[in-house]
$ cat structure04.txt   # compact mmCIF, C-alpha atoms
# COMPACT_ATOMS: atom_id res chain seq x y z
CA MET A 1 113.84 58.54 76.96
CA GLN A 2 113.35 57.89 80.68
CA LYS A 3 115.65 60.80 81.54
CA PHE A 4 113.66 63.06 79.20
CA PHE A 5 110.35 62.35 80.92
CA LEU A 6 111.82 62.66 84.42
CA SER A 7 113.42 65.96 83.43
CA LEU A 8 110.05 67.16 82.12
CA VAL A 9 108.36 66.33 85.42
CA ILE A 10 111.09 68.05 87.45
CA ALA A 11 111.06 71.11 85.20
CA THR A 12 107.28 71.39 85.49
CA ALA A 13 107.48 71.19 89.28
CA THR A 14 110.21 73.84 89.37
CA LEU A 15 108.21 76.16 87.12
CA THR A 16 105.11 75.76 89.28
CA ALA A 17 107.00 76.54 92.48
CA SER A 18 108.85 79.57 91.08
CA SER A 19 105.74 81.00 89.43
CA ALA A 20 103.89 80.85 92.73
CA GLN A 21 106.22 83.55 94.08
CA ALA A 22 105.04 86.22 91.64
CA THR A 23 102.42 88.10 93.65
CA PHE A 24 104.20 88.71 96.96
CA VAL A 25 106.80 91.46 96.59
CA SER A 26 108.17 91.70 100.13
CA LEU A 27 107.49 91.57 103.86
CA GLY A 28 109.16 94.86 104.67
CA ASP A 29 109.90 96.75 107.89
CA CYS A 30 109.82 93.50 109.83
CA ASP A 31 109.87 94.16 113.57
CA GLY A 32 109.42 91.80 116.51
CA ALA A 33 110.06 88.60 114.56
CA ILE A 34 113.28 86.69 114.08
CA ASP A 35 112.61 86.86 110.34
CA CYS A 36 109.87 87.68 107.84
CA PHE A 37 109.94 86.02 104.44
CA VAL A 38 107.97 84.49 101.56
CA THR A 39 108.40 80.78 100.86
CA ALA A 40 107.60 78.46 97.97
CA THR A 41 107.71 75.47 100.34
CA PRO A 42 105.38 76.07 103.30
CA PRO A 43 105.30 73.55 106.16
CA ASN A 44 103.17 70.53 105.30
CA PRO A 45 101.17 69.81 107.32
CA ILE A 46 100.78 73.14 109.07
CA ILE A 47 101.35 72.53 112.76
CA GLN A 48 99.45 74.25 115.54
CA ASN A 49 102.44 75.56 117.50
CA PRO A 50 105.56 76.06 115.36
CA ASN A 51 106.93 78.47 118.04
CA ASP A 52 109.55 79.70 115.58
CA GLY A 53 109.12 83.49 115.80
CA ILE A 54 108.90 83.79 112.01
CA LEU A 55 106.34 85.67 109.92
CA LEU A 56 105.95 83.27 107.01
CA ALA A 57 103.96 83.89 103.82
CA TRP A 58 103.15 81.96 100.67
CA ASN A 59 100.99 82.36 97.58
CA GLU A 60 98.00 80.16 96.89
CA VAL A 61 95.52 80.27 93.99
CA GLN A 62 96.14 83.16 91.61
CA ASN A 63 93.92 85.03 89.16
CA PHE A 64 90.94 82.80 89.88
CA GLU A 65 87.36 83.79 89.10
CA LEU A 66 85.21 83.02 92.12
CA THR A 67 82.41 80.58 91.33
CA GLN A 68 80.74 81.29 94.68
CA ASP A 69 80.54 84.18 97.12
CA LEU A 70 83.56 84.34 99.42
CA ARG A 71 82.95 85.29 103.06
CA VAL A 72 85.69 87.51 104.51
CA ASP A 73 86.27 89.42 107.74
CA ARG A 74 88.04 92.66 106.80
CA VAL A 75 87.84 94.54 103.49
CA PHE A 76 89.69 97.47 101.95
CA ASP A 77 86.45 99.16 100.83
CA PRO A 78 83.02 98.07 102.09
CA ASN A 79 81.45 100.16 99.30
CA ALA A 80 83.25 98.42 96.44
CA SER A 81 80.86 97.10 93.78
CA PHE A 82 81.94 93.48 94.32
CA VAL A 83 81.67 93.64 98.14
CA GLU A 84 78.48 93.03 100.11
CA ALA A 85 78.21 93.80 103.82
CA LEU A 86 76.62 91.15 106.04
CA SER A 87 75.10 91.38 109.48
CA GLY A 88 77.58 90.66 112.23
CA GLY A 89 80.43 92.55 110.57
CA ASP A 90 81.44 90.07 107.88
CA PHE A 91 81.46 90.74 104.14
CA LEU A 92 81.08 88.83 100.89
CA ILE A 93 83.32 89.13 97.87
CA LYS A 94 80.84 88.32 95.15
CA ALA A 95 81.03 85.40 92.75
CA GLY A 96 82.55 86.41 89.41
CA THR A 97 85.30 88.50 91.04
CA ILE A 98 88.84 87.57 90.01
CA VAL A 99 91.04 87.11 93.06
CA SER A 100 94.44 85.89 94.13
CA SER A 101 94.92 84.19 97.49
CA HIS A 102 97.84 84.24 99.95
CA TYR A 103 98.45 82.80 103.41
CA LEU A 104 100.41 84.12 106.39
CA GLN A 105 101.62 82.38 109.54
CA TRP A 106 102.91 84.00 112.73
CA ASP A 107 103.76 82.21 115.95
CA PRO A 108 106.10 83.84 118.52
CA GLY A 109 108.96 81.86 120.00
CA ASN A 110 112.64 81.12 119.76
CA GLY A 111 113.45 84.48 121.37
CA SER A 112 111.12 86.67 119.29
CA ASP A 113 108.75 89.32 120.62
CA GLY A 114 105.11 88.44 121.17
CA ARG A 115 104.01 90.92 118.50
CA VAL A 116 105.15 91.27 114.89
CA SER A 117 104.71 94.28 112.63
CA SER A 118 105.43 94.44 108.92
CA THR A 119 104.46 96.18 105.70
CA ILE A 120 103.28 93.50 103.29
CA GLU A 121 103.82 94.55 99.69
CA LEU A 122 102.05 92.80 96.81
CA ASP A 123 101.69 93.51 93.10
CA SER A 124 97.92 94.12 93.07
CA GLN A 125 95.19 95.78 95.14
CA VAL A 126 94.62 94.18 98.53
CA PHE A 127 90.92 93.25 98.81
CA ALA A 128 90.40 91.51 102.12
CA PHE A 129 91.58 89.40 105.02
CA ILE A 130 89.96 86.16 106.14
CA THR A 131 90.64 85.81 109.86
CA ALA A 132 87.84 83.87 111.60
CA ASP A 133 88.21 80.11 112.05
CA ASN A 134 85.05 79.17 110.18
CA ASN A 135 85.73 81.57 107.31
CA LEU A 136 89.25 80.21 107.00
CA PHE A 137 87.92 76.66 106.90
CA ASN A 138 85.34 77.55 104.25
CA SER A 139 87.95 79.32 102.11
CA ASP A 140 90.49 76.49 102.11
CA PHE A 141 89.36 75.70 98.56
CA LEU A 142 91.64 78.63 97.64
CA GLY A 143 94.55 76.92 99.38
CA LEU A 144 97.73 75.56 97.91
CA ALA A 145 97.20 72.19 96.26
CA GLY A 146 98.42 69.27 98.34
CA LEU A 147 98.94 71.35 101.50
CA ASP A 148 97.30 70.13 104.72
CA TYR A 149 95.97 73.24 106.50
CA ALA A 150 95.01 71.17 109.58
CA ASP A 151 91.96 73.39 110.31
CA PHE A 152 92.56 73.54 114.06
CA GLY A 153 90.69 76.02 116.24
CA PHE A 154 91.84 79.53 117.16
CA ARG A 155 94.09 79.87 114.13
CA GLY A 156 92.65 83.23 113.05
CA LEU A 157 93.40 86.79 114.16
CA GLU A 158 92.01 88.47 117.27
CA SER A 159 90.43 91.89 117.77
CA GLY A 160 93.73 93.46 118.85
CA ASP A 161 95.48 92.42 115.63
CA THR A 162 95.47 95.33 113.19
CA THR A 163 95.50 95.37 109.39
CA VAL A 164 95.75 98.74 107.65
CA PHE A 165 95.00 98.63 103.91
CA ASN A 166 97.04 100.88 101.63
CA GLY A 167 96.55 99.95 97.97
CA THR A 168 98.92 97.12 97.13
CA ASP A 169 100.40 97.28 100.64
CA VAL A 170 98.98 96.38 104.03
CA ASP A 171 100.49 97.26 107.40
CA ILE A 172 100.01 94.61 110.07
CA SER A 173 100.59 94.40 113.80
CA TRP A 174 99.77 90.98 115.24
CA ALA A 175 100.21 89.57 118.73
CA ALA A 176 99.85 85.88 119.45
CA THR A 177 100.34 83.33 122.19
CA SER A 178 99.31 79.70 121.62
CA PRO A 179 98.40 78.87 118.97
CA GLY A 180 99.74 81.58 116.69
CA ASP A 181 98.04 83.66 114.01
CA TRP A 182 97.10 82.44 110.56
CA THR A 183 95.18 84.44 107.99
CA ARG A 184 94.27 84.36 104.32
CA LEU A 185 94.93 87.53 102.33
CA ILE A 186 92.83 88.17 99.21
CA THR A 187 94.06 90.46 96.43
CA ALA A 188 92.98 91.47 92.93
CA PHE A 189 94.19 90.02 89.63
CA SER A 190 97.96 89.73 89.83
CA PRO A 191 99.84 91.02 86.77
CA GLY A 192 102.84 88.95 87.82
CA GLY A 193 100.90 85.83 88.77
CA VAL A 194 100.30 82.69 86.78
CA THR A 195 96.59 81.87 86.53
CA THR A 196 95.77 78.81 88.64
CA VAL A 197 92.58 77.12 89.75
CA PRO A 198 91.85 75.25 92.97
CA VAL A 199 92.58 71.52 92.78
CA PRO A 200 92.24 68.97 95.59
CA ALA A 201 95.82 67.76 95.37
CA ALA A 202 98.92 67.91 93.18
CA ALA A 203 97.38 65.24 90.98
CA PRO A 204 98.09 66.74 87.52
CA LEU A 205 101.84 66.80 88.11
CA LEU A 206 101.82 63.36 89.68
CA GLY A 207 99.70 62.09 86.82
CA LEU A 208 102.21 63.40 84.30
CA GLY A 209 104.97 61.50 86.03
CA LEU A 210 102.90 58.30 86.25
CA ALA A 211 101.85 58.60 82.63
CA ALA A 212 105.47 58.95 81.58
CA PHE A 213 106.42 55.94 83.72
CA GLY A 214 103.57 53.91 82.25
CA LEU A 215 104.59 54.80 78.71
CA LEU A 216 108.17 53.76 79.40
CA SER A 217 107.03 50.51 80.99
CA THR A 218 104.83 49.72 77.99
CA ARG A 219 107.64 50.38 75.59
CA ARG A 220 109.96 48.17 77.57
CA ARG A 221 107.46 45.33 77.56
CA LYS A 222 106.98 45.68 73.83
CA GLY A 223 110.71 45.80 73.29
$ encode --input "structure04.txt" --output "structure tokens"
Amino acid sequence: MQKFFLSLVIATATLTASSAQATFVSLGDCDGAIDCFVTATPPNPIIQNPNDGILLAWNEVQNFELTQDLRVDRVFDPNASFVEALSGGDFLIKAGTIVSSHYLQWDPGNGSDGRVSSTIELDSQVFAFITADNNLFNSDFLGLAGLDYADFGFRGLESGDTTVFNGTDVDISWAATSPGDWTRLITAFSPGGVTTVPVPAAAPLLGLGLAAFGLLSTRRRKG
């Protein structure tokens, strides 16, 4: 019985990790970096200067209906019905919009160039990028459960970093020194994604394991 419950916990964790890969398709035409790839196991905590020369991406919350307006920095269409322009150049994605969230990390080093370019391909319309420090901090509720984003300063993009929206693709060209570049990418409902909601930590999975352990312990005491 103990093996059954442990297998259930492990299987659930494996399913959660593999499902989280559904919305990124590829980081194509990678140039300037040592490598560009999508991971199911991002660094935890995120460190300010990885200096690894890798463009790293991972999926966060998927197919989530916003319960509050989401402030973003760059949008694919400022005239979209669910987008509201703000003074100062920012935008809101309105509450009630269904979004999926993704995170990217780029820090030159280890022999890479100072600038990376890539065509990011996803399985749904790209809506927006969140690039300013404060907007990133305020959008961390869309982050991956249990991941420490560190929230250090200067983690966003700069004015010379370009993002060109093209449907489900986006072409990027980012230069960074220290620290690197981090940004949150917002897309539409993902047909390949598993619907998830923001949670403060990986408590449900841990709770399942603890519940199973408690049940086994109770049975042993009764036996």
$ residues_around --input "structure04.txt" --residues "Gly89 (chain A)" --least-positions-apart "3" --cutoff "8 Å" --atoms "all atoms listed in the file" --output "list of chain:residue names"
A:Asp73, A:Ala85, A:Leu86
$ closest_residue --input "structure04.txt" --among "A:Ile46, A:Ala80, A:Leu147, A:Leu92" --to "Asp181 (chain A)" --atoms "only C-alpha atoms"
A:Ile46
$ closest_residue --input "structure04.txt" --among "A:Ala95, A:Leu66, A:Ile130, A:Val170" --to "Val25 (chain A)" --atoms "only C-alpha atoms"
A:Val170
$ residues_around --input "structure04.txt" --residues "Ala132 (chain A)" --least-positions-apart "3" --cutoff "8 Å" --atoms "only C-alpha atoms" --output "number ranges by chain"
A: 73, 135-136, 155-157
$ residues_around --input "structure04.txt" --residues "Ser173 (chain A)" --least-positions-apart "5" --cutoff "6 Å" --atoms "all atoms listed in the file" --output "MDAnalysis selection string"
chainID A and resid 116:117 161:162
$ closest_residue --input "structure04.txt" --among "A:Cys36, A:Val197, A:Leu185, A:Ala176" --to "Pro108 (chain A)" --atoms "all atoms listed in the file"
A:Ala176
$ closest_residue --input "structure04.txt" --among "A:Trp58, A:Phe37, A:Phe189, A:Trp174" --to "Leu104 (chain A)" --atoms "all atoms listed in the file"
A:Trp58
$ residues_near_point --input "structure04.txt" --point "(83.6, 84.9, 100.8)" --cutoff "7 Å" --atoms "all atoms listed in the file" --output "VMD selection string"
chain A and resid 69 to 72 92 to 93
$ closest_residue --input "structure04.txt" --among "A:Asn51, A:Thr195, A:Thr177, A:Ser81" --to "Phe127 (chain A)" --atoms "all atoms listed in the file"
A:Ser81
$ residues_around --input "structure04.txt" --residues "Ser118 (chain A)" --least-positions-apart "4" --cutoff "6 Å" --atoms "only C-alpha atoms" --output "ChimeraX atom specification"
/A:28-30,171-172
$ write_last_selection --input "structure04.txt" --atoms "C-alpha atoms" --output "short mmCIF file (atom, residue, chain, number, x, y, z; two decimals), keeping the file's coordinate frame"
data_model
loop_
_atom_site.label_atom_id
_atom_site.label_comp_id
_atom_site.auth_asym_id
_atom_site.auth_seq_id
_atom_site.Cartn_x
_atom_site.Cartn_y
_atom_site.Cartn_z
CA GLY A 28 109.16 94.86 104.67
CA ASP A 29 109.90 96.75 107.89
CA CYS A 30 109.82 93.50 109.83
CA ASP A 171 100.49 97.26 107.40
CA ILE A 172 100.01 94.61 110.07
#
$ atom_distance --input "structure04.txt" --atom1 "CA of Val38 (chain A)" --atom2 "CA of Gly143 (chain A)"
15.6 Å
$ residues_around --input "structure04.txt" --residues "Ala128 (chain A)" --least-positions-apart "5" --cutoff "10 Å" --atoms "all atoms listed in the file" --output "list in words"
Arg71, Val72, Asp73, Arg74, Val75, Phe76, Asp77, Pro78, Val83, Phe91, Leu92, Ile93, Ser101, Thr163, Phe165, Arg184, Leu185, Ile186, Thr187 and Ala188 of chain A
$ residues_near_point --input "structure04.txt" --point "(108.2, 81.6, 120.0)" --cutoff "8 Å" --atoms "all atoms listed in the file" --output "list in words"
Pro50, Asn51, Asp52, Gly53, Asp107, Pro108, Gly109, Asn110, Gly111, Ser112, Asp113 and Gly114 of chain A
$ atom_distance --input "structure04.txt" --atom1 "CA of Gly180 (chain A)" --atom2 "CA of Gly88 (chain A)"
24.4 Å
$ closest_residue --input "structure04.txt" --among "A:Asn134, A:Leu55, A:Asp140, A:Tyr149" --to "Ala175 (chain A)" --atoms "only C-alpha atoms"
A:Leu55
$ atom_distance --input "structure04.txt" --atom1 "CA of Tyr103 (chain A)" --atom2 "CA of Ala150 (chain A)"
13.6 Å
$ build_atoms --input "structure04.txt" --residues "region 37-59 of chain A" --atoms "N, CA, C and O atoms" --output "PDB file, in the frame of the given file"
ATOM      1  N   PHE A  37     109.601  86.329 105.818  1.00  0.00           N
ATOM      2  CA  PHE A  37     109.940  86.020 104.440  1.00  0.00           C
ATOM      3  C   PHE A  37     108.826  85.233 103.747  1.00  0.00           C
ATOM      4  O   PHE A  37     107.943  84.663 104.396  1.00  0.00           O
ATOM      5  N   VAL A  38     108.901  85.220 102.411  1.00  0.00           N
ATOM      6  CA  VAL A  38     107.970  84.490 101.560  1.00  0.00           C
ATOM      7  C   VAL A  38     108.625  83.174 101.165  1.00  0.00           C
ATOM      8  O   VAL A  38     109.818  83.146 100.836  1.00  0.00           O
ATOM      9  N   THR A  39     107.855  82.088 101.196  1.00  0.00           N
ATOM     10  CA  THR A  39     108.400  80.780 100.860  1.00  0.00           C
ATOM     11  C   THR A  39     107.601  80.121  99.749  1.00  0.00           C
ATOM     12  O   THR A  39     106.401  80.355  99.615  1.00  0.00           O
ATOM     13  N   ALA A  40     108.270  79.302  98.959  1.00  0.00           N
ATOM     14  CA  ALA A  40     107.600  78.460  97.970  1.00  0.00           C
ATOM     15  C   ALA A  40     107.347  77.069  98.529  1.00  0.00           C
ATOM     16  O   ALA A  40     106.694  76.248  97.881  1.00  0.00           O
ATOM     17  N   THR A  41     107.860  76.800  99.736  1.00  0.00           N
ATOM     18  CA  THR A  41     107.710  75.470 100.340  1.00  0.00           C
ATOM     19  C   THR A  41     107.210  75.618 101.775  1.00  0.00           C
ATOM     20  O   THR A  41     107.988  75.474 102.727  1.00  0.00           O
ATOM     21  N   PRO A  42     105.925  75.924 101.945  1.00  0.00           N
ATOM     22  CA  PRO A  42     105.380  76.070 103.300  1.00  0.00           C
ATOM     23  C   PRO A  42     105.394  74.750 104.052  1.00  0.00           C
ATOM     24  O   PRO A  42     105.475  73.676 103.437  1.00  0.00           O
ATOM     25  N   PRO A  43     105.322  74.797 105.378  1.00  0.00           N
ATOM     26  CA  PRO A  43     105.300  73.550 106.160  1.00  0.00           C
ATOM     27  C   PRO A  43     104.075  72.722 105.799  1.00  0.00           C
ATOM     28  O   PRO A  43     102.983  73.251 105.611  1.00  0.00           O
ATOM     29  N   ASN A  44     104.263  71.418 105.689  1.00  0.00           N
ATOM     30  CA  ASN A  44     103.170  70.530 105.300  1.00  0.00           C
ATOM     31  C   ASN A  44     103.293  69.220 106.097  1.00  0.00           C
ATOM     32  O   ASN A  44     104.237  68.467 105.901  1.00  0.00           O
ATOM     33  N   PRO A  45     102.345  68.998 107.016  1.00  0.00           N
ATOM     34  CA  PRO A  45     101.170  69.810 107.320  1.00  0.00           C
ATOM     35  C   PRO A  45     101.531  71.039 108.141  1.00  0.00           C
ATOM     36  O   PRO A  45     102.600  71.091 108.758  1.00  0.00           O
ATOM     37  N   ILE A  46     100.625  72.020 108.164  1.00  0.00           N
ATOM     38  CA  ILE A  46     100.780  73.140 109.070  1.00  0.00           C
ATOM     39  C   ILE A  46     100.569  72.627 110.488  1.00  0.00           C
ATOM     40  O   ILE A  46      99.618  71.884 110.748  1.00  0.00           O
ATOM     41  N   ILE A  47     101.467  73.003 111.392  1.00  0.00           N
ATOM     42  CA  ILE A  47     101.350  72.530 112.760  1.00  0.00           C
ATOM     43  C   ILE A  47     100.836  73.660 113.658  1.00  0.00           C
ATOM     44  O   ILE A  47     101.051  74.843 113.380  1.00  0.00           O
ATOM     45  N   GLN A  48     100.175  73.296 114.720  1.00  0.00           N
ATOM     46  CA  GLN A  48      99.450  74.250 115.540  1.00  0.00           C
ATOM     47  C   GLN A  48     100.370  75.195 116.308  1.00  0.00           C
ATOM     48  O   GLN A  48     100.036  76.355 116.538  1.00  0.00           O
ATOM     49  N   ASN A  49     101.527  74.733 116.710  1.00  0.00           N
ATOM     50  CA  ASN A  49     102.440  75.560 117.500  1.00  0.00           C
ATOM     51  C   ASN A  49     103.874  75.451 116.971  1.00  0.00           C
ATOM     52  O   ASN A  49     104.719  74.783 117.581  1.00  0.00           O
ATOM     53  N   PRO A  50     104.186  76.117 115.852  1.00  0.00           N
ATOM     54  CA  PRO A  50     105.560  76.060 115.360  1.00  0.00           C
ATOM     55  C   PRO A  50     106.555  76.753 116.295  1.00  0.00           C
ATOM     56  O   PRO A  50     107.726  76.379 116.349  1.00  0.00           O
ATOM     57  N   ASN A  51     106.088  77.789 117.038  1.00  0.00           N
ATOM     58  CA  ASN A  51     106.930  78.470 118.040  1.00  0.00           C
ATOM     59  C   ASN A  51     108.289  78.878 117.471  1.00  0.00           C
ATOM     60  O   ASN A  51     109.321  78.753 118.147  1.00  0.00           O
ATOM     61  N   ASP A  52     108.280  79.392 116.229  1.00  0.00           N
ATOM     62  CA  ASP A  52     109.550  79.700 115.580  1.00  0.00           C
ATOM     63  C   ASP A  52     109.852  81.202 115.505  1.00  0.00           C
ATOM     64  O   ASP A  52     110.948  81.600 115.104  1.00  0.00           O
ATOM     65  N   GLY A  53     108.874  82.054 115.832  1.00  0.00           N
ATOM     66  CA  GLY A  53     109.120  83.490 115.800  1.00  0.00           C
ATOM     67  C   GLY A  53     109.297  84.052 114.408  1.00  0.00           C
ATOM     68  O   GLY A  53     109.913  85.112 114.247  1.00  0.00           O
ATOM     69  N   ILE A  54     108.743  83.378 113.401  1.00  0.00           N
ATOM     70  CA  ILE A  54     108.900  83.790 112.010  1.00  0.00           C
ATOM     71  C   ILE A  54     107.554  84.167 111.412  1.00  0.00           C
ATOM     72  O   ILE A  54     106.575  83.427 111.572  1.00  0.00           O
ATOM     73  N   LEU A  55     107.495  85.313 110.737  1.00  0.00           N
ATOM     74  CA  LEU A  55     106.340  85.670 109.920  1.00  0.00           C
ATOM     75  C   LEU A  55     106.567  85.060 108.549  1.00  0.00           C
ATOM     76  O   LEU A  55     107.472  85.473 107.822  1.00  0.00           O
ATOM     77  N   LEU A  56     105.760  84.064 108.225  1.00  0.00           N
ATOM     78  CA  LEU A  56     105.950  83.270 107.010  1.00  0.00           C
ATOM     79  C   LEU A  56     104.763  83.493 106.083  1.00  0.00           C
ATOM     80  O   LEU A  56     103.610  83.532 106.533  1.00  0.00           O
ATOM     81  N   ALA A  57     105.029  83.630 104.788  1.00  0.00           N
ATOM     82  CA  ALA A  57     103.960  83.890 103.820  1.00  0.00           C
ATOM     83  C   ALA A  57     104.171  83.038 102.580  1.00  0.00           C
ATOM     84  O   ALA A  57     105.305  82.729 102.209  1.00  0.00           O
ATOM     85  N   TRP A  58     103.055  82.646 101.952  1.00  0.00           N
ATOM     86  CA  TRP A  58     103.150  81.960 100.670  1.00  0.00           C
ATOM     87  C   TRP A  58     101.917  82.262  99.828  1.00  0.00           C
ATOM     88  O   TRP A  58     100.863  82.624 100.337  1.00  0.00           O
ATOM     89  N   ASN A  59     102.086  82.137  98.519  1.00  0.00           N
ATOM     90  CA  ASN A  59     100.990  82.360  97.580  1.00  0.00           C
ATOM     91  C   ASN A  59     100.183  81.083  97.386  1.00  0.00           C
ATOM     92  O   ASN A  59     100.704  79.969  97.455  1.00  0.00           O
TER      93      ASN A  59
END
